[in-house]
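Structure file upload_25.pdb with PDB, C-alpha atoms:
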```
ATOM      1  CA  MET A  19       0.776-104.135  75.842  1.00  0.00           C
ATOM      2  CA  ALA A  20      -1.798-106.922  76.163  1.00  0.00           C
ATOM      3  CA  SER A  21      -5.205-106.048  74.775  1.00  0.00           C
ATOM      4  CA  ARG A  22      -6.896-106.746  78.107  1.00  0.00           C
ATOM      5  CA  ASP A  23      -4.552-104.301  79.828  1.00  0.00           C
ATOM      6  CA  LEU A  24      -5.119-101.595  77.234  1.00  0.00           C
ATOM      7  CA  PHE A  25      -8.891-101.403  77.721  1.00  0.00           C
ATOM      8  CA  SER A  26     -10.336-100.447  81.090  1.00  0.00           C
ATOM      9  CA  PRO A  27     -13.808-101.663  82.150  1.00  0.00           C
ATOM     10  CA  ALA A  28     -15.095 -98.192  81.256  1.00  0.00           C
ATOM     11  CA  ASP A  29     -13.522 -98.488  77.784  1.00  0.00           C
ATOM     12  CA  LEU A  30     -15.190-101.857  77.221  1.00  0.00           C
ATOM     13  CA  ASP A  31     -18.545-100.452  78.298  1.00  0.00           C
ATOM     14  CA  ALA A  32     -18.079 -97.517  75.912  1.00  0.00           C
ATOM     15  CA  LEU A  33     -17.326 -99.883  73.017  1.00  0.00           C
ATOM     16  CA  ARG A  34     -20.358-102.024  73.780  1.00  0.00           C
ATOM     17  CA  GLU A  35     -22.621 -98.976  74.096  1.00  0.00           C
ATOM     18  CA  ALA A  36     -21.298 -97.532  70.829  1.00  0.00           C
ATOM     19  CA  THR A  37     -22.106-100.832  69.101  1.00  0.00           C
ATOM     20  CA  VAL A  38     -25.639-100.926  70.531  1.00  0.00           C
ATOM     21  CA  ALA A  39     -26.234 -97.316  69.449  1.00  0.00           C
ATOM     22  CA  ALA A  40     -24.880 -97.904  65.933  1.00  0.00           C
ATOM     23  CA  GLU A  41     -26.956-101.041  65.445  1.00  0.00           C
ATOM     24  CA  ALA A  42     -30.094 -99.253  66.670  1.00  0.00           C
ATOM     25  CA  ARG A  43     -30.062 -97.237  63.433  1.00  0.00           C
ATOM     26  CA  THR A  44     -28.934 -99.857  60.938  1.00  0.00           C
ATOM     27  CA  SER A  45     -29.461-103.472  59.954  1.00  0.00           C
ATOM     28  CA  GLY A  46     -25.715-103.987  60.220  1.00  0.00           C
ATOM     29  CA  GLU A  47     -24.160-106.168  62.923  1.00  0.00           C
ATOM     30  CA  ILE A  48     -20.825-104.759  64.067  1.00  0.00           C
ATOM     31  CA  VAL A  49     -18.282-107.035  65.723  1.00  0.00           C
ATOM     32  CA  THR A  50     -15.074-105.616  67.214  1.00  0.00           C
ATOM     33  CA  THR A  51     -12.089-107.902  67.745  1.00  0.00           C
ATOM     34  CA  VAL A  52      -8.734-106.835  69.167  1.00  0.00           C
ATOM     35  CA  VAL A  53      -5.678-109.092  69.382  1.00  0.00           C
ATOM     36  CA  GLU A  54      -2.362-108.325  71.012  1.00  0.00           C
ATOM     37  CA  SER A  55      -0.452-109.860  68.110  1.00  0.00           C
ATOM     38  CA  CYS A  56      -1.361-111.999  65.097  1.00  0.00           C
ATOM     39  CA  ASP A  57       1.858-114.049  65.336  1.00  0.00           C
ATOM     40  CA  SER A  58       4.884-114.490  67.594  1.00  0.00           C
ATOM     41  CA  TYR A  59       7.210-113.414  64.743  1.00  0.00           C
ATOM     42  CA  GLU A  60      10.087-115.336  66.361  1.00  0.00           C
ATOM     43  CA  GLY A  61      11.973-115.416  63.072  1.00  0.00           C
ATOM     44  CA  ALA A  62      12.550-111.680  63.348  1.00  0.00           C
ATOM     45  CA  LEU A  63      14.084-112.121  66.808  1.00  0.00           C
ATOM     46  CA  TRP A  64      16.597-114.657  65.529  1.00  0.00           C
ATOM     47  CA  LYS A  65      17.361-112.432  62.563  1.00  0.00           C
ATOM     48  CA  SER A  66      18.082-109.595  64.972  1.00  0.00           C
ATOM     49  CA  ALA A  67      20.222-111.897  67.144  1.00  0.00           C
ATOM     50  CA  ALA A  68      22.342-112.877  64.129  1.00  0.00           C
ATOM     51  CA  LEU A  69      22.765-109.248  63.104  1.00  0.00           C
ATOM     52  CA  GLY A  70      23.678-108.292  66.665  1.00  0.00           C
ATOM     53  CA  SER A  71      26.295-111.024  66.811  1.00  0.00           C
ATOM     54  CA  ILE A  72      27.881-109.893  63.538  1.00  0.00           C
ATOM     55  CA  VAL A  73      27.906-106.224  64.519  1.00  0.00           C
ATOM     56  CA  ALA A  74      29.379-106.952  67.946  1.00  0.00           C
ATOM     57  CA  ALA A  75      32.082-109.214  66.520  1.00  0.00           C
ATOM     58  CA  LEU A  76      32.978-106.547  63.949  1.00  0.00           C
ATOM     59  CA  ALA A  77      33.146-103.891  66.672  1.00  0.00           C
ATOM     60  CA  ALA A  78      35.473-106.110  68.724  1.00  0.00           C
ATOM     61  CA  GLY A  79      37.710-106.655  65.699  1.00  0.00           C
ATOM     62  CA  LEU A  80      37.956-102.933  65.048  1.00  0.00           C
ATOM     63  CA  TRP A  81      38.702-102.340  68.710  1.00  0.00           C
ATOM     64  CA  THR A  82      41.605-104.797  68.740  1.00  0.00           C
ATOM     65  CA  LEU A  83      42.855-103.422  65.438  1.00  0.00           C
ATOM     66  CA  PHE A  84      42.943 -99.789  66.482  1.00  0.00           C
ATOM     67  CA  VAL A  85      43.279 -99.925  70.254  1.00  0.00           C
ATOM     68  CA  GLU A  86      45.414-103.113  70.416  1.00  0.00           C
ATOM     69  CA  ARG A  87      44.102-104.612  73.633  1.00  0.00           C
ATOM     70  CA  TRP A  88      44.848-108.307  73.265  1.00  0.00           C
ATOM     71  CA  GLY A  89      45.183-109.106  76.985  1.00  0.00           C
ATOM     72  CA  VAL A  90      42.590-111.871  77.088  1.00  0.00           C
ATOM     73  CA  VAL A  91      42.287-113.089  73.526  1.00  0.00           C
ATOM     74  CA  TRP A  92      39.616-115.756  74.101  1.00  0.00           C
ATOM     75  CA  LEU A  93      37.375-113.221  75.841  1.00  0.00           C
ATOM     76  CA  TRP A  94      37.499-110.854  72.906  1.00  0.00           C
ATOM     77  CA  LEU A  95      36.763-113.690  70.502  1.00  0.00           C
ATOM     78  CA  THR A  96      33.690-115.037  72.310  1.00  0.00           C
ATOM     79  CA  LEU A  97      32.028-112.362  74.403  1.00  0.00           C
ATOM     80  CA  PRO A  98      31.235-109.832  71.636  1.00  0.00           C
ATOM     81  CA  ALA A  99      29.350-112.379  69.554  1.00  0.00           C
ATOM     82  CA  LEU A 100      27.453-113.718  72.564  1.00  0.00           C
ATOM     83  CA  THR A 101      26.522-110.336  73.977  1.00  0.00           C
ATOM     84  CA  GLY A 102      25.627-109.022  70.538  1.00  0.00           C
ATOM     85  CA  ALA A 103      23.363-111.987  69.875  1.00  0.00           C
ATOM     86  CA  ALA A 104      21.668-111.565  73.259  1.00  0.00           C
ATOM     87  CA  ALA A 105      21.170-107.851  72.704  1.00  0.00           C
ATOM     88  CA  GLY A 106      19.889-108.437  69.192  1.00  0.00           C
ATOM     89  CA  PHE A 107      17.326-110.945  70.469  1.00  0.00           C
ATOM     90  CA  VAL A 108      16.104-108.821  73.373  1.00  0.00           C
ATOM     91  CA  LEU A 109      16.008-105.352  71.805  1.00  0.00           C
ATOM     92  CA  PRO A 110      13.082-106.098  69.434  1.00  0.00           C
ATOM     93  CA  ILE A 111      11.077-107.333  72.424  1.00  0.00           C
ATOM     94  CA  TRP A 112      11.725-104.065  74.239  1.00  0.00           C
ATOM     95  CA  PHE A 113      11.139-101.919  71.169  1.00  0.00           C
ATOM     96  CA  PRO A 114       8.087-103.080  69.141  1.00  0.00           C
ATOM     97  CA  ALA A 115       8.862-100.625  66.317  1.00  0.00           C
ATOM     98  CA  LEU A 116      12.192-102.396  65.754  1.00  0.00           C
ATOM     99  CA  HIS A 117      10.446-105.767  65.870  1.00  0.00           C
ATOM    100  CA  ARG A 118       7.932-104.637  63.240  1.00  0.00           C
ATOM    101  CA  ALA A 119      10.725-103.345  61.013  1.00  0.00           C
ATOM    102  CA  LEU A 120      12.525-106.681  61.197  1.00  0.00           C
ATOM    103  CA  VAL A 121       9.344-108.614  60.433  1.00  0.00           C
ATOM    104  CA  GLY A 122       8.603-106.525  57.355  1.00  0.00           C
ATOM    105  CA  LYS A 123       5.436-104.892  56.047  1.00  0.00           C
ATOM    106  CA  ARG A 124       4.405-107.756  53.765  1.00  0.00           C
ATOM    107  CA  LEU A 125       4.502-110.423  56.467  1.00  0.00           C
ATOM    108  CA  LEU A 126       2.686-108.180  58.956  1.00  0.00           C
ATOM    109  CA  GLU A 127      -0.113-107.564  56.465  1.00  0.00           C
ATOM    110  CA  SER A 128      -0.335-111.259  55.619  1.00  0.00           C
ATOM    111  CA  ARG A 129      -0.623-112.377  59.249  1.00  0.00           C
ATOM    112  CA  VAL A 130      -3.245-109.745  60.098  1.00  0.00           C
ATOM    113  CA  ALA A 131      -5.325-110.623  57.036  1.00  0.00           C
ATOM    114  CA  ARG A 132      -5.176-114.333  57.871  1.00  0.00           C
ATOM    115  CA  ARG A 133      -6.142-113.812  61.519  1.00  0.00           C
ATOM    116  CA  ALA A 134      -8.952-111.419  60.577  1.00  0.00           C
ATOM    117  CA  THR A 135     -10.400-113.929  58.114  1.00  0.00           C
ATOM    118  CA  ALA A 136     -10.325-116.611  60.800  1.00  0.00           C
ATOM    119  CA  ALA A 137     -12.097-114.261  63.240  1.00  0.00           C
ATOM    120  CA  PHE A 138     -14.770-113.441  60.642  1.00  0.00           C
ATOM    121  CA  LEU A 139     -15.571-117.137  60.330  1.00  0.00           C
ATOM    122  CA  GLU A 140     -15.170-118.131  63.981  1.00  0.00           C
ATOM    123  CA  GLN A 141     -17.416-115.324  65.204  1.00  0.00           C
ATOM    124  CA  GLU A 142     -19.956-115.977  62.431  1.00  0.00           C
ATOM    125  CA  VAL A 143     -20.049-112.394  61.199  1.00  0.00           C
ATOM    126  CA  PHE A 144     -21.395-113.849  57.953  1.00  0.00           C
ATOM    127  CA  ALA A 145     -24.400-115.481  59.644  1.00  0.00           C
ATOM    128  CA  THR A 146     -26.814-112.543  59.799  1.00  0.00           C
ATOM    129  CA  ARG A 147     -30.253-112.326  58.227  1.00  0.00           C
ATOM    130  CA  GLU A 148     -29.401-109.255  56.131  1.00  0.00           C
ATOM    131  CA  ARG A 149     -25.845-110.405  55.333  1.00  0.00           C
ATOM    132  CA  SER A 150     -24.700-107.016  56.626  1.00  0.00           C
ATOM    133  CA  GLY A 151     -22.163-108.030  59.262  1.00  0.00           C
ATOM    134  CA  VAL A 152     -18.998-105.970  59.676  1.00  0.00           C
ATOM    135  CA  LEU A 153     -15.867-107.091  61.503  1.00  0.00           C
ATOM    136  CA  ILE A 154     -13.548-104.405  62.845  1.00  0.00           C
ATOM    137  CA  PHE A 155     -10.330-106.318  63.459  1.00  0.00           C
ATOM    138  CA  VAL A 156      -7.333-104.712  65.184  1.00  0.00           C
ATOM    139  CA  GLY A 157      -3.801-106.121  65.495  1.00  0.00           C
ATOM    140  CA  LEU A 158      -2.215-104.006  68.234  1.00  0.00           C
ATOM    141  CA  PHE A 159       1.398-105.077  67.719  1.00  0.00           C
ATOM    142  CA  GLU A 160       1.105-104.801  63.960  1.00  0.00           C
ATOM    143  CA  HIS A 161      -0.579-101.360  64.019  1.00  0.00           C
ATOM    144  CA  ARG A 162      -2.967-102.701  61.409  1.00  0.00           C
ATOM    145  CA  VAL A 163      -6.722-102.881  60.934  1.00  0.00           C
ATOM    146  CA  GLU A 164      -8.881-105.101  58.755  1.00  0.00           C
ATOM    147  CA  LEU A 165     -12.533-104.258  58.040  1.00  0.00           C
ATOM    148  CA  LEU A 166     -14.225-107.364  56.684  1.00  0.00           C
ATOM    149  CA  ARG A 167     -17.781-106.938  55.411  1.00  0.00           C
ATOM    150  CA  ASP A 168     -20.437-109.415  54.480  1.00  0.00           C
ATOM    151  CA  ARG A 169     -22.139-109.174  51.094  1.00  0.00           C
ATOM    152  CA  ALA A 170     -24.687-106.411  51.744  1.00  0.00           C
ATOM    153  CA  ALA A 171     -22.232-104.131  53.553  1.00  0.00           C
ATOM    154  CA  GLN A 172     -19.613-104.772  50.876  1.00  0.00           C
ATOM    155  CA  GLN A 173     -21.932-103.953  48.004  1.00  0.00           C
ATOM    156  CA  SER A 174     -23.759-100.978  49.528  1.00  0.00           C
ATOM    157  CA  VAL A 175     -20.900 -98.852  50.868  1.00  0.00           C
ATOM    158  CA  PRO A 176     -18.133 -97.530  48.551  1.00  0.00           C
ATOM    159  CA  ALA A 177     -14.700 -99.039  49.221  1.00  0.00           C
ATOM    160  CA  ASP A 178     -13.020 -95.679  49.748  1.00  0.00           C
ATOM    161  CA  SER A 179     -15.365 -94.925  52.655  1.00  0.00           C
ATOM    162  CA  TRP A 180     -14.154 -98.056  54.441  1.00  0.00           C
ATOM    163  CA  GLU A 181     -10.546 -97.135  53.633  1.00  0.00           C
ATOM    164  CA  ASP A 182     -10.950 -93.711  55.236  1.00  0.00           C
ATOM    165  CA  LEU A 183     -12.428 -95.302  58.364  1.00  0.00           C
ATOM    166  CA  THR A 184      -9.557 -97.788  58.531  1.00  0.00           C
ATOM    167  CA  GLU A 185      -6.898 -95.093  58.155  1.00  0.00           C
ATOM    168  CA  ARG A 186      -8.393 -93.013  60.962  1.00  0.00           C
ATOM    169  CA  LEU A 187      -8.482 -96.014  63.259  1.00  0.00           C
ATOM    170  CA  VAL A 188      -4.866 -96.909  62.484  1.00  0.00           C
ATOM    171  CA  ARG A 189      -3.781 -93.362  63.295  1.00  0.00           C
ATOM    172  CA  GLY A 190      -5.538 -93.600  66.639  1.00  0.00           C
ATOM    173  CA  ILE A 191      -3.805 -96.879  67.465  1.00  0.00           C
ATOM    174  CA  LYS A 192      -0.390 -95.457  66.604  1.00  0.00           C
ATOM    175  CA  LYS A 193      -1.111 -92.493  68.885  1.00  0.00           C
ATOM    176  CA  LYS A 194      -1.903 -94.951  71.716  1.00  0.00           C
ATOM    177  CA  ALA A 195      -5.534 -93.900  71.714  1.00  0.00           C
ATOM    178  CA  ALA A 196      -7.028 -97.222  70.617  1.00  0.00           C
ATOM    179  CA  PRO A 197     -10.111 -97.199  72.910  1.00  0.00           C
ATOM    180  CA  ARG A 198     -11.292 -93.764  71.772  1.00  0.00           C
ATOM    181  CA  ALA A 199     -10.414 -94.464  68.134  1.00  0.00           C
ATOM    182  CA  LEU A 200     -12.387 -97.721  68.204  1.00  0.00           C
ATOM    183  CA  VAL A 201     -15.479 -96.030  69.616  1.00  0.00           C
ATOM    184  CA  GLN A 202     -15.243 -93.486  66.791  1.00  0.00           C
ATOM    185  CA  ALA A 203     -14.773 -96.266  64.219  1.00  0.00           C
ATOM    186  CA  ILE A 204     -17.881 -98.089  65.446  1.00  0.00           C
ATOM    187  CA  GLU A 205     -19.923 -94.879  65.289  1.00  0.00           C
ATOM    188  CA  ASP A 206     -18.605 -94.127  61.785  1.00  0.00           C
ATOM    189  CA  CYS A 207     -19.385 -97.678  60.684  1.00  0.00           C
ATOM    190  CA  GLY A 208     -22.990 -97.327  61.821  1.00  0.00           C
ATOM    191  CA  ARG A 209     -23.351 -93.998  60.007  1.00  0.00           C
ATOM    192  CA  LEU A 210     -21.963 -95.436  56.779  1.00  0.00           C
ATOM    193  CA  LEU A 211     -24.332 -98.384  56.822  1.00  0.00           C
ATOM    194  CA  GLU A 212     -27.321 -96.149  57.564  1.00  0.00           C
ATOM    195  CA  LEU A 213     -26.305 -93.569  54.952  1.00  0.00           C
ATOM    196  CA  HIS A 214     -26.142 -96.200  52.230  1.00  0.00           C
ATOM    197  CA  GLY A 215     -29.541 -97.734  52.862  1.00  0.00           C
ATOM    198  CA  LEU A 216     -28.890-100.482  55.412  1.00  0.00           C
ATOM    199  CA  VAL A 217     -31.465 -99.161  57.871  1.00  0.00           C
ATOM    200  CA  ARG A 218     -32.808-101.166  60.774  1.00  0.00           C
ATOM    201  CA  ARG A 219     -36.062-103.000  60.122  1.00  0.00           C
ATOM    202  CA  ASP A 220     -38.991-102.724  62.498  1.00  0.00           C
ATOM    203  CA  ASP A 221     -38.584-106.383  63.453  1.00  0.00           C
ATOM    204  CA  GLY A 222     -34.811-106.096  63.694  1.00  0.00           C
ATOM    205  CA  VAL A 223     -33.152-108.328  66.260  1.00  0.00           C
ATOM    206  CA  ASP A 224     -29.669-108.210  67.763  1.00  0.00           C
ATOM    207  CA  GLU A 225     -28.016-111.248  66.185  1.00  0.00           C
ATOM    208  CA  LEU A 226     -24.395-110.993  67.377  1.00  0.00           C
ATOM    209  CA  PRO A 227     -22.858-110.061  70.762  1.00  0.00           C
ATOM    210  CA  ASN A 228     -22.111-106.363  71.215  1.00  0.00           C
ATOM    211  CA  ALA A 229     -19.181-106.660  73.614  1.00  0.00           C
ATOM    212  CA  PRO A 230     -15.714-106.408  72.013  1.00  0.00           C
ATOM    213  CA  ARG A 231     -13.676-109.609  71.861  1.00  0.00           C
ATOM    214  CA  LEU A 232     -10.126-109.325  73.217  1.00  0.00           C
ATOM    215  CA  PHE A 233      -7.359-111.873  72.634  1.00  0.00           C
ATOM    216  CA  ASP A 234      -3.855-111.776  74.089  1.00  0.00           C
ATOM    217  CA  ASP A 235      -2.331-114.691  72.156  1.00  0.00           C
TER     218      ASP A 235
END
```
As structure tokens - that is how I would like this structure written.
Amino acid sequence: MASRDLFSPADLDALREATVAAEARTSGEIVTTVVESCDSYEGALWKSAALGSIVAALAAGLWTLFVERWGVVWLWLTLPALTGAAAGFVLPIWFPALHRALVGKRLLESRVARRATAAFLEQEVFATRERSGVLIFVGLFEHRVELLRDRAAQQSVPADSWEDLTERLVRGIKKKAAPRALVQAIEDCGRLLELHGLVRRDDGVDELPNAPRLFDD
């Protein structure tokens, strides 16, 4: 599902309000970015098509061997491979879990990490006065989350606290409850920053936009 279709206007308002509330207590600047997919992963589709072609051709061979229906030889030689390839290409599109399995965990993690790093730079999460920016990056297709922190947030909050937050958010995405899980993640992020000394200064200003950024490419 496209990220813009997953979040209703009310969901987007809730995310923005959660960010404003979290930043009211801390010097941190929280940026939420959600992408539909970090890559097209077309290689996995062609891999599936090749496997489908092989499986279909093997099934046709076993059929002719044991059932002995050789009426139209050319049909049995061509159609199984073609239909198997077509099915193998289409099935991963219909079933994202199959597509992810064909892509592989390592490549999924690599693409999400690369896209998250690009978002951190493009959205200037590093360019805050306190160096306490936090990017909550979600790859919907990949079912993966990256929390990138600028220097102050990285040094002040223990790594395992961020890992717990990430794991909870991933569970919410897998349960198809991404909007609610993201609101909770933003609230938890604000509490962590406040708990570990990154409190809002009296002259604190809102340096980065509070609305979540959604990308469907």
Exercise for review: Please identify all polymer residues within 7 Å of range 23-32 of chain A, counting all atoms listed in the file, omitting same-chain residues fewer than 4 positions from it, and present them as a list in words.
Suggested key: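 Near neighbours after the sequence-gap exclusion: Met19, Ala36, Pro197, Val201 and Pro230 of chain A.
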Output file for the residues above (C-alpha atoms, as a short mmCIF file (atom, residue, chain, number, x, y, z; two decimals), keeping the file's coordinate frame):
```
data_model
loop_
_atom_site.label_atom_id
_atom_site.label_comp_id
_atom_site.auth_asym_id
_atom_site.auth_seq_id
_atom_site.Cartn_x
_atom_site.Cartn_y
_atom_site.Cartn_z
CA MET A 19 0.78 -104.14 75.84
CA ALA A 36 -21.30 -97.53 70.83
CA PRO A 197 -10.11 -97.20 72.91
CA VAL A 201 -15.48 -96.03 69.62
CA PRO A 230 -15.71 -106.41 72.01
#
```
Please identify every residue of range 132-152 of chain A that has at least one atom no farther than 10 Å from an atom of range 39-45 of chain A, counting all atoms listed in the file, and for each give the shortest atom pair and the distance in Å to one decimal, arranged by chain then increasing number, as CSV.
```
residue,atom,partner,partner_atom,distance
A:Thr146,CA,A:Ser45,CA,9.5
A:Arg147,CA,A:Ser45,CA,9.1
A:Glu148,CA,A:Ser45,CA,6.9
A:Arg149,CA,A:Ser45,CA,9.1
A:Ser150,CA,A:Ser45,CA,6.8
A:Gly151,CA,A:Ser45,CA,8.6
```
**Study point:** Straight-line distance linking CA of Leu232 in chain A with CA of Gly46 in chain A, stated in Å to one decimal
**Key:**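 These atoms are spaced 21.0 Å apart.
Residues with any atom within 10 Å of Leu126 in chain A, counting all atoms listed in the file and excluding same-chain neighbours fewer than 2 positions away, are Ser55, Cys56, Asp57, Tyr59, Arg118, Ala119, Val121, Gly122, Lys123, Arg124, Ser128, Arg129, Val130, Ala131, Gly157, Phe159, Glu160, His161 and Arg162 of chain A.
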Check your understanding: Which distance in Å separates CA of Ile48 in chain A and CA of Arg167 in chain A, to one decimal?
Key ->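 Between CA of Ile48 in chain A and CA of Arg167 in chain A the gap is 9.4 Å.
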Check your understanding: Within 12 Å of Ala136 in chain A, counting only C-alpha atoms, which residues qualify if same-chain residues fewer than 6 places away don't, as a list in words?
Key ->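 Using only C-alpha atoms, the neighbours found are Thr51, Cys56, Arg129, Val130, Glu142, Val143, Phe144, Leu153, Phe155, Glu164 and Leu166 of chain A.
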**Study point:** Atom pair CA of Leu187 in chain A / CA of Asp234 in chain A: separation (Å)
**Key:**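 Taking CA of Leu187 in chain A and CA of Asp234 in chain A, their separation equals 19.7 Å.
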Check your understanding: Between A:Val49, A:Ala195, A:Leu165, A:Val217, which has the minimum distance to Glu140 in chain A (counting only C-alpha atoms)?
Key ->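 Smallest separation from Glu140 in chain A among the options: A:Val49.
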**Study point:** Using all atoms listed in the file: which of A:His117, A:Arg34, A:Ile204, A:Leu210 has the shortest distance to Gln172 in chain A
**Key:**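 Result for the nearest residue to Gln172 in chain A: A:Leu210.
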Practice item. Return the single residue from A:Phe138, A:Arg133, A:Leu158, A:Phe113 that is closest to Ala196 in chain A, with distances computed using only C-alpha atoms. Key: A:Leu158
